[in-house]
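**Q** Supplied structure: upload.cif, mmCIF, C-alpha atoms.
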```
data_work
#
loop_
_atom_site.label_atom_id
_atom_site.label_comp_id
_atom_site.auth_asym_id
_atom_site.auth_seq_id
_atom_site.Cartn_x
_atom_site.Cartn_y
_atom_site.Cartn_z
CA MET M 1 10.61 11.73 52.35
CA PRO M 2 12.85 10.42 55.16
CA PRO M 3 15.41 12.77 56.70
CA PRO M 4 18.94 12.52 55.30
CA SER M 5 21.31 10.07 56.93
CA PRO M 6 23.87 11.56 59.29
CA PRO M 7 27.42 11.71 57.91
CA PRO M 8 29.71 8.83 58.83
CA PRO M 9 32.00 9.38 61.83
CA PRO M 10 35.40 10.81 60.95
CA VAL M 11 38.11 8.28 60.29
CA PRO M 12 41.21 8.85 62.45
CA LEU M 13 44.16 9.78 60.27
CA THR M 14 47.22 7.60 60.26
CA THR M 15 50.57 8.09 58.57
CA THR M 16 52.83 5.29 57.40
CA THR M 17 56.58 5.15 56.80
CA VAL M 18 58.39 2.06 55.45
CA ASP M 19 62.04 1.25 56.19
CA ASN M 20 64.62 -0.43 53.94
CA ASN M 21 63.51 -3.92 55.06
CA GLY M 22 59.82 -3.37 54.30
CA ARG M 23 58.75 -2.82 57.93
CA ALA M 24 55.93 -0.28 58.06
CA TYR M 25 55.57 2.19 60.94
CA ILE M 26 51.97 3.37 61.30
CA LEU M 27 51.54 6.48 63.44
CA GLY M 28 48.05 6.81 64.88
CA PRO M 29 46.43 10.14 65.77
CA ASP M 30 47.36 9.52 69.42
CA GLY M 31 51.11 9.32 68.62
CA ILE M 32 51.31 5.56 69.18
CA VAL M 33 53.26 3.65 66.54
CA ALA M 34 52.03 0.28 65.24
CA PHE M 35 54.14 -1.99 63.05
CA ASP M 36 53.37 -4.11 60.01
CA ASP M 37 55.91 -6.62 58.71
CA SER M 38 53.62 -8.16 56.07
CA ARG M 39 55.76 -6.68 53.27
CA ALA M 40 59.11 -7.32 54.95
CA THR M 41 61.76 -8.72 52.65
CA LYS M 42 63.14 -11.05 55.34
CA LEU M 43 62.50 -12.17 58.90
CA LEU M 44 63.14 -9.13 61.10
CA PRO M 45 64.08 -8.70 64.75
CA PRO M 46 61.35 -7.33 67.01
CA PRO M 47 60.43 -3.72 66.27
CA PRO M 48 61.84 -0.91 68.42
CA ASP M 49 60.12 -0.07 71.68
CA LEU M 50 58.96 3.45 70.84
CA PRO M 51 57.24 6.03 73.03
CA LYS M 52 54.53 8.25 71.57
CA LEU M 53 55.96 10.23 68.66
CA LEU M 54 55.22 13.75 67.39
CA ALA M 55 55.30 12.60 63.76
CA PRO M 56 55.91 9.38 61.86
CA PRO M 57 59.50 8.17 61.93
CA MET M 58 61.66 9.04 58.94
CA CYS M 59 63.93 6.38 57.48
CA GLY M 60 67.21 6.54 55.57
CA ARG M 61 69.05 3.67 53.92
CA ALA M 62 69.97 1.90 57.17
CA HIS M 63 68.46 3.95 60.00
CA CYS M 64 65.32 5.70 61.21
CA VAL M 65 64.74 8.77 63.38
CA GLY M 66 61.81 10.21 65.28
CA VAL M 67 60.86 12.69 68.00
CA GLU M 68 59.42 11.65 71.35
CA ALA M 69 56.09 13.46 71.86
CA VAL M 70 56.25 14.14 75.60
CA LEU M 71 59.87 15.25 76.13
CA GLY M 72 60.80 16.39 72.62
CA GLN M 73 63.87 14.16 72.55
CA ALA M 74 65.29 12.83 69.29
CA LEU M 75 65.35 9.05 68.83
CA ALA M 76 67.24 6.93 66.31
CA TRP M 77 67.71 3.25 65.51
CA THR M 78 69.49 1.11 62.94
CA THR M 79 67.65 -1.07 60.44
CA ALA M 80 70.69 -2.77 58.94
CA PRO M 81 74.18 -3.83 60.06
CA ASN M 82 76.51 -0.84 60.14
CA GLY M 83 73.45 1.43 60.28
CA ASN M 84 75.51 3.99 62.18
CA HIS M 85 78.62 3.69 60.00
CA PHE M 86 78.70 7.45 59.32
CA GLY M 87 77.45 8.57 62.74
CA GLN M 88 73.94 9.25 61.44
CA LEU M 89 72.52 8.29 64.84
CA GLY M 90 74.40 11.16 66.46
CA SER M 91 77.07 8.92 67.96
CA THR M 92 80.41 7.45 66.96
CA GLU M 93 79.52 4.22 68.79
CA ARG M 94 79.13 1.07 66.69
CA MET M 95 75.56 -0.05 67.13
CA GLU M 96 75.20 -3.71 66.30
CA GLU M 97 71.69 -4.27 67.64
CA LEU M 98 69.02 -3.63 65.03
CA TYR M 99 65.75 -1.92 65.90
CA VAL M 100 66.82 -0.65 69.33
CA ALA M 101 65.75 2.98 69.73
CA ARG M 102 68.24 5.27 71.48
CA HIS M 103 68.14 8.94 72.41
CA VAL M 104 70.28 11.02 70.07
CA GLU M 105 73.11 12.78 71.92
CA LEU M 106 72.51 16.45 71.09
CA PRO M 107 74.01 19.40 72.98
CA ASP M 108 71.96 20.64 75.95
CA SER M 109 71.60 23.94 74.12
CA ALA M 110 69.51 22.19 71.44
CA GLY M 111 66.50 22.19 73.75
CA PRO M 112 63.36 20.24 72.79
CA ILE M 113 63.35 18.80 69.27
CA ALA M 114 60.33 19.47 67.05
CA LYS M 115 61.18 17.60 63.82
CA ALA M 116 63.52 14.90 62.55
CA ALA M 117 64.49 13.77 59.08
CA ALA M 118 66.68 10.99 57.70
CA GLY M 119 68.74 11.05 54.54
CA ASP M 120 70.61 8.19 52.96
CA ALA M 121 73.37 8.24 55.61
CA HIS M 122 72.69 11.39 57.62
CA SER M 123 70.06 12.79 59.97
CA ALA M 124 68.70 16.26 60.69
CA PHE M 125 66.93 17.51 63.81
CA VAL M 126 65.13 20.83 64.17
CA SER M 127 64.74 22.26 67.66
CA ALA M 128 61.59 24.00 68.88
CA SER M 129 63.51 27.30 68.54
CA GLY M 130 64.31 26.55 64.88
CA ALA M 131 67.99 25.56 65.23
CA VAL M 132 69.11 22.71 62.95
CA TRP M 133 71.39 19.92 64.18
CA MET M 134 72.82 17.40 61.68
CA CYS M 135 74.98 14.30 61.88
CA GLY M 136 76.25 11.57 59.58
CA ASN M 137 77.87 11.48 56.15
CA ASP M 138 78.81 14.90 54.73
CA ARG M 139 80.24 13.64 51.41
CA TRP M 140 78.36 16.25 49.34
CA THR M 141 78.26 18.91 52.13
CA GLN M 142 74.64 18.06 52.92
CA LEU M 143 75.45 18.77 56.57
CA GLY M 144 76.49 22.31 55.74
CA GLN M 145 80.21 21.81 56.34
CA ASP M 146 82.61 23.25 53.78
CA ILE M 147 85.20 20.51 54.24
CA PHE M 148 85.84 18.09 51.38
CA TRP M 149 87.91 14.93 51.58
#
```
Take the structure I supplied and represent it as structure tokens, if you would.

**A**
Amino acid sequence: MPPPSPPPPPVPLTTTTVDNNGRAYILGPDGIVAFDDSRATKLLPPPPDLPKLLAPPMCGRAHCVGVEAVLGQALAWTTAPNGNHFGQLGSTERMEELYVARHVELPDSAGPIAKAAAGDAHSAFVSASGAVWMCGNDRWTQLGQDIFW
């Protein structure tokens, strides 16, 4: 009886996120993001130039966020016109260029960022110390403010 075959080599894990236009972001085990537009609903601008990320980007209705692996800085980019209409990229600046990653302007006291999440029109960032920073639309007090309009 021949000896049993060795097990196959482990397959590197990847994680995929898809934005509102159908662009897929594939995060490899090394933190490098690859892109796949094969399911895109229209012709898209070039993808964002992203550094290595800690986790796959998270996408809301018209924006995406991520965390740079080396420096722990939050990144954000729009995926549709008016993608920063509610300040979900952490800025009041109108950002017309789609798929251009920018550092999110957080207070210096935030320190390195460990996690990022995107809601419909808001974003959340968790620092390495556990503090939560949020920006964007607070219509239903999802940002933790007790101010209604």

**Q** I want to know what sits within 8 Å of range 120-128 of chain M, based on only C-alpha atoms, with residues of the same chain fewer than 4 positions away left out; could you give that as a ChimeraX atom specification?

**A** /M:60-63,65,74,86-90,110-116,132-138,143

**Q** From (56.3, 11.8, 71.0), in the file's coordinates, out to 7 Å: which residues are reached, counting only C-alpha atoms? Answer as a VMD selection string.

**A** chain M and resid 31 51 to 54 67 to 70 72

**Q** For Thr17 in chain M, work out the shell of residues within 8 Å, counting all atoms listed in the file and skipping chain neighbours fewer than 3 positions away, then give it as a PyMOL selection string.

**A** chain M and resi 24-26+56-59

**Q** What residues come out when you apply the PyMOL selection byres ((chain M and resi 105) around 8) to this file, written as a ChimeraX atom specification?

**A** /M:90-91,103-104,106-107

**Q** Between M:Gln73, M:Thr78, M:Asn84, M:Ser38, single out the one closest to Asn20 in chain M, counting only C-alpha atoms.

**A**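 Once distances to Asn20 in chain M are computed over only C-alpha atoms, the minimum belongs to M:Thr78.
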
**Q** May I ask for the distance between CA of Leu43 in chain M and CA of Thr79 in chain M, given in Å to one decimal place?

**A**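 Atom-to-atom, CA of Leu43 in chain M and CA of Thr79 in chain M are spaced 12.3 Å apart.
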
**Q** To one decimal place, how far is CA of Val100 in chain M from CA of Asn21 in chain M in Å?

**A**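 Value for the CA of Val100 in chain M-CA of Asn21 in chain M distance: 15.0 Å.
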